[in-house]
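Worksheet: one structure, shown below.
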Amino acid sequence: MSTRAEVLELAILGQLGSSPMHGYELRRQLSAQLGAFRTLSYGSLYPALRRLTEAGLIAEAPTGSLPHPLAGRRGRIVYELTDAGRERLAATLATADPAAWEDEAFDVRFTLFATTDARTRLRILEGRHTRMVERLSLLRESSQRTRERMDAYTAELARHGLEQVEREVEWLENLIDTERGTPGALDMRTPGPAGPPAPPTHKEQE
């Protein structure tokens, strides 16, 4: 899983893993949950749905058997996972390779942590932490080398980017500490005072 198309396809499988959805609802859910897909268009969503259908991973659901409000929605195709799609999703969620902690892929994988086993979650978080610590070190070195040649605005932008990465490193460390003592999925639905802060968006980091 390395290209944006592959990440989008995983996000679709993950959403359909919870319930059947039509394309409009899929787009709404992805746009609401994934910062990397806030600009998701129908132009990218529907080709992905077509590829997944052709691969036998999703299929059109018979709307007569679906719960309200999906039942009887004429003109909108409702998609659901096939057995092959469920197997692909489960196999992907059980893996933790370097692609899983790249910027866009990490966002998708994190939204699917509730259905990911604890060991895999921890490996992905640790991999992401290592990557962000490396990025932080490079940013600090670059800032020190070029600071004298920056105007005030460029220097302020560099400082802002550095702070974003610092906050994500701290956020990841808090999550890792919690995961190491948590046998099941964390309940991130109701953040409280003791919970970790929300991660910075990757678009802000850039």
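We name chains A, B, ... following the order of the structure tokens; residues begin at 1 in each chain, and ligands are numbered from 1 as shown.
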
Those of range 57-137 of chain A in DSSP alpha helix (DSSP H), formatted as a ChimeraX atom specification: /A:83-93,103-111,118-137

Given the selection you just returned, output its residues as a file containing C-alpha atoms, formatted as a PDB file, in the first residue's frame.
ATOM      1  CA  ASP A  83     -16.170 -12.238   1.255  1.00  0.00           C
ATOM      2  CA  ALA A  84     -13.008 -11.497  -0.728  1.00  0.00           C
ATOM      3  CA  GLY A  85     -13.196  -7.858   0.356  1.00  0.00           C
ATOM      4  CA  ARG A  86     -13.487  -8.822   4.017  1.00  0.00           C
ATOM      5  CA  GLU A  87     -10.488 -11.127   3.646  1.00  0.00           C
ATOM      6  CA  ARG A  88      -8.454  -8.380   1.942  1.00  0.00           C
ATOM      7  CA  LEU A  89      -9.369  -5.866   4.633  1.00  0.00           C
ATOM      8  CA  ALA A  90      -8.492  -8.277   7.457  1.00  0.00           C
ATOM      9  CA  ALA A  91      -5.169  -9.191   5.830  1.00  0.00           C
ATOM     10  CA  THR A  92      -4.236  -5.540   5.337  1.00  0.00           C
ATOM     11  CA  LEU A  93      -5.143  -4.579   8.892  1.00  0.00           C
ATOM     12  CA  ASP A 103       1.518  10.388   5.851  1.00  0.00           C
ATOM     13  CA  GLU A 104      -1.698   9.496   3.986  1.00  0.00           C
ATOM     14  CA  ALA A 105      -1.645   5.773   4.801  1.00  0.00           C
ATOM     15  CA  PHE A 106      -1.140   6.411   8.514  1.00  0.00           C
ATOM     16  CA  ASP A 107      -4.268   8.547   8.715  1.00  0.00           C
ATOM     17  CA  VAL A 108      -6.342   5.758   7.165  1.00  0.00           C
ATOM     18  CA  ARG A 109      -4.781   3.032   9.282  1.00  0.00           C
ATOM     19  CA  PHE A 110      -5.353   5.056  12.449  1.00  0.00           C
ATOM     20  CA  THR A 111      -9.081   5.421  11.727  1.00  0.00           C
ATOM     21  CA  ALA A 118      -2.998  -4.435  19.578  1.00  0.00           C
ATOM     22  CA  ARG A 119       0.399  -5.677  18.379  1.00  0.00           C
ATOM     23  CA  THR A 120      -0.111  -4.284  14.876  1.00  0.00           C
ATOM     24  CA  ARG A 121      -1.379  -0.968  16.221  1.00  0.00           C
ATOM     25  CA  LEU A 122       1.720  -0.621  18.356  1.00  0.00           C
ATOM     26  CA  ARG A 123       4.090  -1.470  15.497  1.00  0.00           C
ATOM     27  CA  ILE A 124       2.458   1.156  13.285  1.00  0.00           C
ATOM     28  CA  LEU A 125       2.610   3.797  16.012  1.00  0.00           C
ATOM     29  CA  GLU A 126       6.254   3.021  16.733  1.00  0.00           C
ATOM     30  CA  GLY A 127       7.085   3.125  13.027  1.00  0.00           C
ATOM     31  CA  ARG A 128       5.323   6.448  12.635  1.00  0.00           C
ATOM     32  CA  HIS A 129       7.111   7.799  15.699  1.00  0.00           C
ATOM     33  CA  THR A 130      10.508   6.818  14.285  1.00  0.00           C
ATOM     34  CA  ARG A 131       9.652   8.474  10.982  1.00  0.00           C
ATOM     35  CA  MET A 132       8.528  11.695  12.637  1.00  0.00           C
ATOM     36  CA  VAL A 133      11.561  11.859  14.926  1.00  0.00           C
ATOM     37  CA  GLU A 134      13.747  11.559  11.815  1.00  0.00           C
ATOM     38  CA  ARG A 135      11.746  14.326  10.141  1.00  0.00           C
ATOM     39  CA  LEU A 136      12.061  16.522  13.225  1.00  0.00           C
ATOM     40  CA  SER A 137      15.840  16.085  13.276  1.00  0.00           C
TER      41      SER A 137
END

Might you pull out every residue within 8 Å of range 18-22 of chain A, with only C-alpha atoms counted and same-chain residues fewer than 3 positions away left off, and present them as a PyMOL selection string? chain A and resi 14-15+25-26+61+70+76-81

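Minimum atom-to-atom distance to Arg147 in chain A, evaluated using only C-alpha atoms, belongs to A:Arg159 out of A:Leu10, A:Gly56, A:Leu172, A:Arg159.
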
Interatomic distance (Å, one decimal) between CA of Thr154 in chain A and CA of Leu34 in chain A: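 So the two atoms, CA of Thr154 in chain A and CA of Leu34 in chain A, lie 28.6 Å apart.
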
What is the distance, in Å and to one decimal place, between CA of Ile58 in chain A and CA of Leu16 in chain A?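 Those two atoms sit 8.5 Å apart.
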